[in-house]
file work_33.tsv (TSV, C-alpha atoms)
chain	number	residue	atom	x	y	z
J	1	MET	CA	0.00	0.00	0.00
J	2	SER	CA	1.37	3.44	-0.92
J	3	ARG	CA	2.10	6.03	1.74
J	4	PHE	CA	-0.69	8.19	0.23
J	5	LEU	CA	-3.32	5.45	0.56
J	6	LEU	CA	-2.18	4.59	4.06
J	7	LEU	CA	-2.50	8.23	5.08
J	8	PHE	CA	-5.97	8.36	3.51
J	9	PHE	CA	-7.25	5.36	5.45
J	10	LEU	CA	-5.71	6.56	8.69
J	11	THR	CA	-7.33	9.98	8.37
J	12	ALA	CA	-10.63	8.65	7.02
J	13	ALA	CA	-11.09	6.09	9.80
J	14	PRO	CA	-13.53	7.31	12.48
J	15	LEU	CA	-12.33	7.92	16.02
J	16	LEU	CA	-13.44	4.97	18.13
J	17	GLU	CA	-14.30	4.32	21.75
J	18	ALA	CA	-12.52	1.51	23.59
J	19	GLY	CA	-15.41	-0.79	22.66
J	20	GLY	CA	-15.05	-0.06	18.97
J	21	LYS	CA	-18.00	2.33	18.60
J	22	PRO	CA	-17.47	5.71	16.90
J	23	ILE	CA	-16.93	8.54	19.40
J	24	CYS	CA	-19.42	10.73	17.50
J	25	GLN	CA	-22.08	8.06	17.04
J	26	LEU	CA	-25.60	9.51	17.19
J	27	PRO	CA	-29.10	8.07	17.68
J	28	PRO	CA	-31.01	7.07	14.52
J	29	ALA	CA	-31.57	10.07	12.26
J	30	GLU	CA	-35.35	9.62	12.30
J	31	SER	CA	-35.39	10.27	16.05
J	32	TYR	CA	-34.62	13.93	15.31
J	33	LEU	CA	-37.98	14.33	13.56
J	34	LYS	CA	-39.29	14.90	17.09
J	35	VAL	CA	-36.88	17.81	17.46
J	36	ILE	CA	-37.33	19.47	14.07
J	37	PRO	CA	-40.97	19.94	12.99
J	38	PRO	CA	-41.82	20.56	9.31
J	39	PRO	CA	-40.84	23.87	7.68
J	40	PRO	CA	-43.52	26.45	6.89
J	41	ALA	CA	-45.98	25.20	4.30
J	42	ALA	CA	-45.47	26.65	0.83
J	43	LYS	CA	-47.34	29.93	0.30
J	44	SER	CA	-48.49	30.04	3.94
J	45	PHE	CA	-48.28	33.29	5.87
J	46	THR	CA	-45.20	32.00	7.72
J	47	ASP	CA	-43.57	30.96	4.44
J	48	LYS	CA	-44.19	34.39	2.94
J	49	SER	CA	-42.77	36.05	6.04
J	50	ASP	CA	-39.73	33.81	5.78
J	51	LEU	CA	-39.25	34.85	2.16
J	52	GLY	CA	-39.63	38.51	3.11
J	53	ALA	CA	-36.95	38.19	5.78
J	54	GLU	CA	-34.68	36.46	3.26
J	55	GLU	CA	-35.16	39.26	0.72
J	56	GLY	CA	-34.43	41.83	3.41
J	57	LEU	CA	-31.14	40.18	4.37
J	58	GLN	CA	-29.99	40.11	0.75
J	59	ALA	CA	-31.02	43.71	0.11
J	60	ALA	CA	-29.14	44.92	3.18
J	61	ALA	CA	-26.01	43.06	2.10
J	62	GLU	CA	-26.11	44.40	-1.45
J	63	LYS	CA	-26.50	48.00	-0.27
J	64	GLN	CA	-23.14	47.92	1.50
J	65	ALA	CA	-20.60	49.75	-0.65
J	66	SER	CA	-17.88	47.18	-0.02
J	67	GLN	CA	-20.28	44.20	0.02
J	68	GLU	CA	-18.33	42.79	2.96
J	69	ALA	CA	-21.32	40.67	3.96
J	70	ILE	CA	-21.28	38.86	0.62
J	71	LYS	CA	-17.51	38.41	0.79
J	72	HIS	CA	-17.82	36.89	4.24
J	73	ALA	CA	-20.66	34.61	3.09
J	74	THR	CA	-18.49	33.42	0.20
J	75	ARG	CA	-15.57	32.73	2.53
J	76	THR	CA	-17.69	30.64	4.92
J	77	ALA	CA	-19.34	28.57	2.17
J	78	PRO	CA	-16.70	25.78	2.45
J	79	LEU	CA	-17.67	24.50	5.88
J	80	SER	CA	-14.89	23.70	8.36
J	81	VAL	CA	-14.26	24.04	12.07
J	82	PHE	CA	-11.25	26.15	11.12
J	83	LEU	CA	-13.56	28.98	10.09
J	84	PHE	CA	-13.42	29.69	13.82
J	85	SER	CA	-9.91	31.03	13.38
J	86	GLU	CA	-11.83	34.32	13.57
J	87	VAL	CA	-12.06	33.55	17.28
J	88	ARG	CA	-9.17	31.23	18.06
J	89	GLY	CA	-6.56	33.02	15.97
J	90	LYS	CA	-4.70	32.60	12.69
J	91	ASP	CA	-2.75	29.62	14.02
J	92	PHE	CA	-6.00	27.62	14.32
J	93	THR	CA	-5.28	25.32	11.38
J	94	PRO	CA	-5.31	21.55	10.72
J	95	LYS	CA	-1.52	21.54	10.88
J	96	THR	CA	-1.31	23.03	14.36
J	97	TYR	CA	-4.48	21.30	15.66
J	98	PRO	CA	-4.38	17.79	14.15
J	99	LYS	CA	-6.53	16.16	16.85
J	100	THR	CA	-9.13	18.87	16.38
J	101	ALA	CA	-9.11	18.31	12.62
J	102	ALA	CA	-9.75	14.57	12.95
J	103	PHE	CA	-12.32	14.95	15.70
J	104	PHE	CA	-14.41	17.61	13.95
J	105	ASP	CA	-14.26	15.76	10.63
J	106	ASP	CA	-15.96	12.83	12.40
J	107	LEU	CA	-18.40	15.20	14.02
J	108	GLN	CA	-19.31	16.86	10.72
J	109	ASN	CA	-19.88	13.47	9.10
J	110	ALA	CA	-22.15	12.31	11.94
J	111	ALA	CA	-24.19	15.51	12.05
J	112	GLY	CA	-24.26	15.68	8.25
J	113	GLY	CA	-25.97	12.31	8.11
J	114	VAL	CA	-28.80	13.57	10.30
J	115	VAL	CA	-29.12	16.77	8.28
J	116	ALA	CA	-29.24	14.84	5.00
J	117	PHE	CA	-32.01	12.61	6.33
J	118	LEU	CA	-34.10	15.59	7.44
J	119	LYS	CA	-33.55	17.47	4.19
J	120	ASP	CA	-34.69	14.48	2.16
J	121	HIS	CA	-37.65	13.99	4.48
J	122	TYR	CA	-38.96	17.56	4.27
J	123	HIS	CA	-38.04	18.38	0.63
J	124	ARG	CA	-37.98	22.17	0.97
J	125	GLU	CA	-36.49	23.90	-2.06
J	126	ARG	CA	-33.76	26.44	-1.49
J	127	PRO	CA	-34.93	30.05	-1.77
J	128	TYR	CA	-32.85	30.89	-4.84
J	129	LYS	CA	-34.47	27.94	-6.64
J	130	ALA	CA	-38.03	28.39	-5.36
J	131	HIS	CA	-38.07	32.17	-5.93
J	132	PRO	CA	-35.50	32.94	-8.66
J	133	HIS	CA	-37.03	36.35	-9.40
J	134	GLN	CA	-36.84	37.43	-5.75
J	135	VAL	CA	-33.78	35.69	-4.30
J	136	LYS	CA	-30.33	35.65	-5.87
J	137	ALA	CA	-27.57	33.07	-5.52
J	138	LEU	CA	-24.78	35.37	-4.36
J	139	ILE	CA	-22.32	32.71	-3.22
J	140	PRO	CA	-21.22	29.31	-4.58
J	141	ILE	CA	-24.41	27.34	-5.20
J	142	ALA	CA	-25.36	24.51	-2.87
J	143	THR	CA	-27.55	21.74	-4.24
J	144	GLY	CA	-30.01	19.55	-2.39
J	145	TYR	CA	-32.81	20.68	-0.15
J	146	SER	CA	-32.93	23.62	2.21
J	147	PHE	CA	-34.40	22.56	5.58
J	148	PRO	CA	-32.66	22.41	7.99
J	149	SER	CA	-29.47	24.26	7.14
J	150	GLY	CA	-26.42	22.03	7.31
J	151	HIS	CA	-24.09	24.99	7.76
J	152	ALA	CA	-26.16	26.29	10.67
J	153	THR	CA	-26.31	22.85	12.27
J	154	VAL	CA	-22.64	22.00	11.97
J	155	SER	CA	-21.26	25.45	12.76
J	156	TRP	CA	-23.48	25.83	15.85
J	157	LEU	CA	-22.55	22.31	16.99
J	158	ASP	CA	-18.87	23.10	16.41
J	159	ALA	CA	-19.23	26.30	18.41
J	160	LEU	CA	-20.90	24.52	21.32
J	161	ILE	CA	-18.09	21.98	21.46
J	162	LEU	CA	-15.33	24.55	21.00
J	163	GLY	CA	-16.95	26.38	23.89
J	164	GLU	CA	-16.34	23.30	26.02
J	165	LEU	CA	-12.72	23.18	24.93
J	166	ASP	CA	-12.09	26.92	25.29
J	167	ARG	CA	-14.72	28.18	27.71
J	168	ALA	CA	-13.31	31.68	27.98
J	169	HIS	CA	-14.39	32.31	24.38
J	170	ARG	CA	-17.64	30.35	24.30
J	171	GLU	CA	-19.83	33.33	23.42
J	172	ASP	CA	-17.42	34.38	20.68
J	173	TYR	CA	-17.67	30.96	19.04
J	174	LEU	CA	-21.47	31.09	19.18
J	175	GLY	CA	-21.46	34.60	17.72
J	176	SER	CA	-19.26	33.43	14.86
J	177	ALA	CA	-21.54	30.43	14.22
J	178	PHE	CA	-24.58	32.71	14.18
J	179	GLN	CA	-22.88	34.84	11.54
J	180	ILE	CA	-22.26	31.73	9.43
J	181	SER	CA	-26.01	31.09	9.62
J	182	ILE	CA	-26.72	34.63	8.44
J	183	ASP	CA	-24.20	34.15	5.64
J	184	ARG	CA	-26.30	31.31	4.23
J	185	SER	CA	-29.34	33.57	3.96
J	186	VAL	CA	-27.30	36.46	2.58
J	187	GLY	CA	-26.08	34.10	-0.12
J	188	GLY	CA	-29.58	32.93	-1.04
J	189	MET	CA	-29.04	29.34	0.06
J	190	HIS	CA	-31.37	29.29	3.08
J	191	TYR	CA	-34.41	30.93	4.61
J	192	PRO	CA	-34.01	32.24	8.17
J	193	SER	CA	-36.23	29.40	9.42
J	194	ASP	CA	-33.80	26.88	7.90
J	195	THR	CA	-30.93	28.27	9.93
J	196	ALA	CA	-33.02	28.53	13.10
J	197	ALA	CA	-33.93	24.84	12.71
J	198	GLY	CA	-30.25	24.04	12.21
J	199	ARG	CA	-29.31	25.67	15.49
J	200	THR	CA	-32.11	23.78	17.28
J	201	LEU	CA	-30.88	20.52	15.77
J	202	ALA	CA	-27.32	21.30	16.84
J	203	GLN	CA	-28.45	21.79	20.43
J	204	ALA	CA	-30.16	18.38	20.38
J	205	ILE	CA	-27.14	16.63	18.86
J	206	PHE	CA	-24.86	18.34	21.37
J	207	ALA	CA	-27.01	17.11	24.26
J	208	ASP	CA	-26.98	13.54	22.91
J	209	LEU	CA	-23.20	13.57	22.53
J	210	MET	CA	-22.49	15.15	25.91
J	211	ALA	CA	-24.63	12.48	27.57
J	212	LYS	CA	-21.93	9.94	26.61
J	213	PRO	CA	-19.05	9.65	29.12
J	214	GLN	CA	-16.73	8.46	26.33
J	215	PHE	CA	-17.44	11.57	24.29
J	216	ARG	CA	-16.74	13.87	27.24
J	217	ALA	CA	-13.53	11.96	27.94
J	218	ALA	CA	-12.43	12.42	24.32
J	219	LEU	CA	-13.10	16.14	24.60
J	220	GLU	CA	-11.06	16.40	27.77
J	221	GLU	CA	-8.15	14.53	26.16
J	222	MET	CA	-8.26	16.89	23.18
J	223	ARG	CA	-8.53	19.95	25.42
J	224	LYS	CA	-5.40	18.95	27.34
J	225	ALA	CA	-3.51	18.18	24.14
J	226	GLU	CA	-4.38	21.28	22.11
J	227	TYR	CA	-6.24	23.84	24.27
J	228	GLY	CA	-4.66	23.59	27.71
J	229	THR	CA	-2.38	26.61	27.34
J	230	ARG	CA	-5.12	29.11	26.56
call {"tool": "encode", "arguments": {"input": "work_33.tsv", "output": "C-alpha cells"}}
result
Amino acid sequence: MSRFLLLFFLTAAPLLEAGGKPICQLPPAESYLKVIPPPPAAKSFTDKSDLGAEEGLQAAAEKQASQEAIKHATRTAPLSVFLFSEVRGKDFTPKTYPKTAAFFDDLQNAAGGVVAFLKDHYHRERPYKAHPHQVKALIPIATGYSFPSGHATVSWLDALILGELDRAHREDYLGSAFQISIDRSVGGMHYPSDTAAGRTLAQAIFADLMAKPQFRAALEEMRKAEYGTR
C-alpha cells in the first residue's frame, strides 16, 4: 500500500471508543424528527414572512458599498471548524491542531448524516431555486434541499463543542456560528427558518453527545492536548 493510501485510510477512519463504537455516534436520524418539525408550508403566511426576511437580508447586504457581507458569506461557504480562526486566531489550522481536525471531521460526518435525512424527508427547495425572481444566488451554489441548514447545524454544533474546549471564548464561538447562519441567507441558500432549525438541531445533537461519558472523555483529552495553554 502506498504512503498516500495509508495516510488516507488513517485519516478517514472514524475515532473509536474503547469498545469499537465511533466517538461521535448519534441516535437514529429519524429520532430527530421529534426535534425538528416541518418547515412552513409553501405559500403560507409564515412561508411568505420567511421569504420577506430572506429578501431583506440580501437587500441589506447588497447596499453595503464594499459588500463585505457577501464576501464573508463566500468565505464561509466551504464549511470547516477552522472557520473559527476568527475567534481562536490565525494559528487555528489543521496543521497546528491535528486532533481537532480529525475529531471535527468525524463530528461533521455524523451531524451531516442527520441533516441529509431531514432534508430528504422535508423536501424544501432552497430560496434561490423556489423564488429565482426574488432571491439571488450570491455565493457558490449549494444543491439539495434547504431545511434544515447544514451549515447552521454544523457550525453551531462546532461552536458549542469549541466552547467546552475553550470556555473563555464560548460566546465568541457562538457569535461566529450565528454569523455563518446569516451568511447562508445572505447568499440565497437558506431561509431564516432553515438556519433557526439548524441551530435547534445542533443543540439536540450536542445534548446527545455530551450524555456519553466516552465523548466527554475524548473532549477532555483533546482539550489537554491542544487547548490547555489558553
call {"tool": "atom_distance", "arguments": {"input": "work_33.tsv", "atom1": "CA of Ile139 in chain J", "atom2": "CA of Arg126 in chain J"}}
result
13.2 Å
call {"tool": "closest_residue", "arguments": {"input": "work_33.tsv", "among": "J:Cys24, J:Leu83, J:Met189, J:Ala137", "to": "Trp156 in chain J", "atoms": "only C-alpha atoms"}}
result
J:Leu83
call {"tool": "closest_residue", "arguments": {"input": "work_33.tsv", "among": "J:Arg167, J:Phe45, J:Gln25, J:Phe82", "to": "Thr96 in chain J", "atoms": "only C-alpha atoms"}}
result
J:Phe82
call {"tool": "atom_distance", "arguments": {"input": "work_33.tsv", "atom1": "CA of Ala207 in chain J", "atom2": "CA of Tyr32 in chain J"}}
result
12.2 Å
call {"tool": "residues_around", "arguments": {"input": "work_33.tsv", "residues": "range 197-202 of chain J", "least_positions_apart": "6", "cutoff": "8 Å", "atoms": "all atoms listed in the file", "output": "PyMOL selection string"}}
result
chain J and resi 32+35-36+147-154+156-157
call {"tool": "write_last_selection", "arguments": {"input": "work_33.tsv", "atoms": "C-alpha atoms", "output": "PDB file, in the coordinates of the input"}}
result
ATOM      1  CA  TYR J  32     -34.620  13.930  15.310  1.00  0.00           C
ATOM      2  CA  VAL J  35     -36.880  17.810  17.460  1.00  0.00           C
ATOM      3  CA  ILE J  36     -37.330  19.470  14.070  1.00  0.00           C
ATOM      4  CA  PHE J 147     -34.400  22.560   5.580  1.00  0.00           C
ATOM      5  CA  PRO J 148     -32.660  22.410   7.990  1.00  0.00           C
ATOM      6  CA  SER J 149     -29.470  24.260   7.140  1.00  0.00           C
ATOM      7  CA  GLY J 150     -26.420  22.030   7.310  1.00  0.00           C
ATOM      8  CA  HIS J 151     -24.090  24.990   7.760  1.00  0.00           C
ATOM      9  CA  ALA J 152     -26.160  26.290  10.670  1.00  0.00           C
ATOM     10  CA  THR J 153     -26.310  22.850  12.270  1.00  0.00           C
ATOM     11  CA  VAL J 154     -22.640  22.000  11.970  1.00  0.00           C
ATOM     12  CA  TRP J 156     -23.480  25.830  15.850  1.00  0.00           C
ATOM     13  CA  LEU J 157     -22.550  22.310  16.990  1.00  0.00           C
TER      14      LEU J 157
END
call {"tool": "residues_around", "arguments": {"input": "work_33.tsv", "residues": "range 59-73 of chain J", "least_positions_apart": "5", "cutoff": "12 Å", "atoms": "all atoms listed in the file", "output": "JSON, numbers by chain"}}
result
{"J": [52, 53, 54, 78, 79, 83, 86, 134, 135, 136, 137, 138, 139, 140, 141, 151, 176, 177, 178, 179, 180, 181, 182, 183, 184, 185, 186, 187, 188, 189, 190]}
call {"tool": "residues_near_point", "arguments": {"input": "work_33.tsv", "point": "(-13.1, 28.9, 12.7)", "cutoff": "12 Å", "atoms": "all atoms listed in the file", "output": "ChimeraX atom specification"}}
result
/J:75-76,78-94,97,100-101,104,154-156,158-159,162,172-177,179-180
call {"tool": "atom_distance", "arguments": {"input": "work_33.tsv", "atom1": "CA of Ile161 in chain J", "atom2": "CA of Tyr145 in chain J"}}
result
26.2 Å
call {"tool": "closest_residue", "arguments": {"input": "work_33.tsv", "among": "J:Pro22, J:Ser49, J:Ser146, J:Phe215", "to": "Phe117 in chain J", "atoms": "all atoms listed in the file"}}
result
J:Ser146
call {"tool": "decode", "arguments": {"input": "work_33.tsv", "residues": "range 122-164 of chain J", "atoms": "C-alpha atoms", "output": "tab-separated table (two decimals), in the first residue's frame"}}
result
chain	number	residue	atom	x	y	z
J	122	TYR	CA	-38.96	17.56	4.27
J	123	HIS	CA	-38.04	18.38	0.63
J	124	ARG	CA	-37.98	22.17	0.97
J	125	GLU	CA	-36.49	23.90	-2.06
J	126	ARG	CA	-33.76	26.44	-1.49
J	127	PRO	CA	-34.93	30.05	-1.77
J	128	TYR	CA	-32.85	30.89	-4.84
J	129	LYS	CA	-34.47	27.94	-6.64
J	130	ALA	CA	-38.03	28.39	-5.36
J	131	HIS	CA	-38.07	32.17	-5.93
J	132	PRO	CA	-35.50	32.94	-8.66
J	133	HIS	CA	-37.03	36.35	-9.40
J	134	GLN	CA	-36.84	37.43	-5.75
J	135	VAL	CA	-33.78	35.69	-4.30
J	136	LYS	CA	-30.33	35.65	-5.87
J	137	ALA	CA	-27.57	33.07	-5.52
J	138	LEU	CA	-24.78	35.37	-4.36
J	139	ILE	CA	-22.32	32.71	-3.22
J	140	PRO	CA	-21.22	29.31	-4.58
J	141	ILE	CA	-24.41	27.34	-5.20
J	142	ALA	CA	-25.36	24.51	-2.87
J	143	THR	CA	-27.55	21.74	-4.24
J	144	GLY	CA	-30.01	19.55	-2.39
J	145	TYR	CA	-32.81	20.68	-0.15
J	146	SER	CA	-32.93	23.62	2.21
J	147	PHE	CA	-34.40	22.56	5.58
J	148	PRO	CA	-32.66	22.41	7.99
J	149	SER	CA	-29.47	24.26	7.14
J	150	GLY	CA	-26.42	22.03	7.31
J	151	HIS	CA	-24.09	24.99	7.76
J	152	ALA	CA	-26.16	26.29	10.67
J	153	THR	CA	-26.31	22.85	12.27
J	154	VAL	CA	-22.64	22.00	11.97
J	155	SER	CA	-21.26	25.45	12.76
J	156	TRP	CA	-23.48	25.83	15.85
J	157	LEU	CA	-22.55	22.31	16.99
J	158	ASP	CA	-18.87	23.10	16.41
J	159	ALA	CA	-19.23	26.30	18.41
J	160	LEU	CA	-20.90	24.52	21.32
J	161	ILE	CA	-18.09	21.98	21.46
J	162	LEU	CA	-15.33	24.55	21.00
J	163	GLY	CA	-16.95	26.38	23.89
J	164	GLU	CA	-16.34	23.30	26.02
